[in-house]
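Shown next, in structure tokens, is the structure this report addresses.
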Amino acid sequence: IILCQEVSHCFVTETHQTDYISKTTGLSSVYSANKHRRQGHHGNATFTKHPIGFAKNHDISTNRLEKRGILYTRVELGHKLVHVFNTHFGLNSRQRMKQLKQLTELIDQITSPHEAVIVGGDFNDWNHKLHKHISLTNELNCALEKNNMPKRSWPAWKPILNLDRVYSRNIEVLTARYLTGSPWTYSSDHLPIEVTVKIG
């Protein structure tokens with residue numbers, strides 16, 4: 001399962017990153033635009049080799065200019081389900097706290113306490129104010145932590161801020177790491193996170 005944010009779809013060049021990634025990897029995809037522009041739009045995209053049972057984008061924008069969303073995808077692993085929330089939060093603390101409340105409400109509405117949940121994406125939580133609330137409110141565990149704080153992921157070429165994270169519930173995390181070096185340092189301005197899990 002791959003979670004991406006700010007995936008671009010350009011009408012002028014007919015370049016749609018979601019389609020390109022799906023074709024080159026053979027993965028199924030779900031995409032929903034958050035920000036519309038004259039030449040196209042961008043938003044969150046979730047890719048997986050597993051069947052997708054249901055997907056819906058939830059608008060969590062707090063103003064007209066800064067469009068944000070949570071793309072929910074229900075991934076089917078045989079008789080098991082994984083609830084995946086692909087997130088992109090706002091740039092200031094007040095926005096992010098409102099968006100966390102919306103995320104918490106979605107998790108409570110959609111999932112049961114015993115079901116597997118993955119929440120990942122760009123939280124823009126550079127001052128770490130959101131991190132403790134995510135863990136405590138939703139009983140989610142952060143996959144990658146050092147001294148109880150997520151490691152640095154932005155900018156990719158010389159990380160100084162902790163923006164990108166993966167949280168989970170009812171899932172055993174086997175390994176977790178930031179991917180560094182070529183090609184990751186040059187593929188995005190954020191370092192990607194690779195997490196290997198076991199779903200019982």
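Ligands are numbered from 1 in the order shown, residues from 1 within each chain, and chains are lettered A, B, ... in the order they appear in the structure tokens.
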
If you count only C-alpha atoms, which residues fall within 12 Å of A:Glu105, apart from same-chain ones fewer than 4 positions away, as a list in words?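 After dropping sequence-adjacent residues, the list is His58, Ile60, Ile70, Lys98, Gln99, Leu100, Lys101, Gln109, Ile110, Thr111, Thr137 and Asn138 of chain A.
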
Could you give me, as a Markdown table, a per-residue list for stretch 112-166 of chain A showing, wherever an atom lies at most 12 Å from an atom of stretch 36-46 of chain A, the closest pair of atoms and their distance in Å to one decimal, using only C-alpha atoms and sorting by chain then residue number from low to high?
| residue | atom | partner | partner_atom | distance |
| --- | --- | --- | --- | --- |
| A:Ile118 | CA | A:Thr46 | CA | 11.9 |
| A:Val119 | CA | A:Thr46 | CA | 11.7 |
| A:Gly120 | CA | A:Thr46 | CA | 10.5 |
| A:Gly121 | CA | A:Asn44 | CA | 9.1 |
| A:Asp122 | CA | A:Asn44 | CA | 10.2 |

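Put simply, atom CA of A:Leu77 is 11.4 Å away from atom CA of A:Ile1.
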
Enter the distance from atom CA of A:Thr62 to atom CA of A:Leu103, in Å, rounded to one decimal. 13.6 Å

Closest pair table for stretch 52-130 of chain A residues within 12 Å of stretch 3-20 of chain A, only C-alpha atoms, as CSV:
residue,atom,partner,partner_atom,distance
A:Lys67,CA,A:Glu6,CA,10.6
A:Arg68,CA,A:Glu6,CA,9.6
A:Gly69,CA,A:Gln5,CA,9.4
A:Ile70,CA,A:Gln5,CA,9.9
A:Leu71,CA,A:Leu3,CA,9.4
A:Tyr72,CA,A:Leu3,CA,10.7
A:Thr73,CA,A:Leu3,CA,10.4
A:Val84,CA,A:Leu3,CA,9.0
A:Phe85,CA,A:Leu3,CA,8.8
A:Asn86,CA,A:Leu3,CA,6.0
A:Thr87,CA,A:Gln5,CA,7.6
A:His88,CA,A:Gln5,CA,6.7
A:Phe89,CA,A:Gln5,CA,10.2
A:Ile118,CA,A:Leu3,CA,10.3
A:Val119,CA,A:Leu3,CA,9.4
A:Gly120,CA,A:Leu3,CA,7.0
A:Gly121,CA,A:Leu3,CA,6.7
A:Asp122,CA,A:Gln5,CA,7.2
A:Phe123,CA,A:Gln5,CA,10.6
A:Asn124,CA,A:Gln5,CA,12.0

Store the residues of this selection in a file with C-alpha atoms, as a PDB file, in the first residue's frame.
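Final file, out00.pdb:
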ATOM      1  CA  LYS A  67      -7.201  22.849   0.141  1.00  0.00           C
ATOM      2  CA  ARG A  68      -6.597  19.674   2.152  1.00  0.00           C
ATOM      3  CA  GLY A  69      -8.097  16.219   2.251  1.00  0.00           C
ATOM      4  CA  ILE A  70      -8.195  12.782   3.833  1.00  0.00           C
ATOM      5  CA  LEU A  71      -8.526  10.012   1.258  1.00  0.00           C
ATOM      6  CA  TYR A  72     -10.097   6.974   2.888  1.00  0.00           C
ATOM      7  CA  THR A  73      -9.616   3.548   1.277  1.00  0.00           C
ATOM      8  CA  VAL A  84      -6.344   3.377   5.240  1.00  0.00           C
ATOM      9  CA  PHE A  85      -6.453   7.135   5.812  1.00  0.00           C
ATOM     10  CA  ASN A  86      -4.177   9.098   3.444  1.00  0.00           C
ATOM     11  CA  THR A  87      -3.763  12.550   4.971  1.00  0.00           C
ATOM     12  CA  HIS A  88      -2.469  16.002   4.143  1.00  0.00           C
ATOM     13  CA  PHE A  89      -2.861  18.543   6.937  1.00  0.00           C
ATOM     14  CA  ILE A 118      -3.293   2.810   8.926  1.00  0.00           C
ATOM     15  CA  VAL A 119      -2.996   6.602   8.960  1.00  0.00           C
ATOM     16  CA  GLY A 120      -0.183   8.107   6.931  1.00  0.00           C
ATOM     17  CA  GLY A 121       0.845  11.214   5.070  1.00  0.00           C
ATOM     18  CA  ASP A 122       2.069  14.767   5.434  1.00  0.00           C
ATOM     19  CA  PHE A 123       0.944  16.099   8.808  1.00  0.00           C
ATOM     20  CA  ASN A 124       2.964  19.356   8.595  1.00  0.00           C
TER      21      ASN A 124
END

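Proximity to A:Leu27 at 10 Å, evaluated using only C-alpha atoms and with sequence-adjacent residues fewer than 4 positions away removed, yields Ile1, Ile2, Asp19, Ile21, Ser22, Lys23, Thr46, Phe47, Thr48, Lys49, His50 and Pro51 of chain A.
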
Pick from A:Ser168, A:Ser93, A:Asn162, A:Ser29 nearest to A:Gly53, counting only C-alpha atoms: A:Ser29

Quick one: distance from atom CA of A:Arg94 to atom CA of A:Asn127 in Å, one decimal?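 About the pair atom CA of A:Arg94 and atom CA of A:Asn127: they are 12.1 Å apart.
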
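Running DSSP on the backbone gives strand (DSSP E) for these residues within stretch 48-89 of chain A: Thr48, Ile52, Gly53, Phe54, Ala55, Lys56, Asn57, His58, Asp59, Gly69, Ile70, Leu71, Tyr72, Thr73, Arg74, Val75, Glu76, Leu77, Lys80, Leu81, Val82, His83, Val84, Phe85, Asn86, Thr87 and His88 of chain A.
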
Spatial neighbours of A:Leu161, max dist 10 Å, only C-alpha atoms, sep filter under 6 positions, as a PyMOL selection string: chain A and resi 124-128+150-155+190

When DSSP is applied to the backbone of this structure, which of stretch 119-172 of chain A are assigned alpha helix (DSSP H)? Write them out as JSON, numbers by chain. {"A": [131, 132, 133, 134, 135, 136, 137, 138]}

Proximity to A:Val166 - best of A:Asn141, A:Ser112, A:Asn92, A:Asn34, only C-alpha atoms: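 Closest to A:Val166, using only C-alpha atoms: A:Asn141.
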
Write out as a ChimeraX atom specification the residues lying within 12 Å of A:Glu139, counting only C-alpha atoms and excluding same-chain residues fewer than 2 positions away. /A:104,107-108,113-114,116-119,131-137,141-142,167-171

Here is a test: counting only C-alpha atoms, which residue of A:Leu130, A:Leu179, A:Leu81, A:Val195 is nearest to A:Met97?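 That would be A:Leu130, the residue with the smallest distance to A:Met97.
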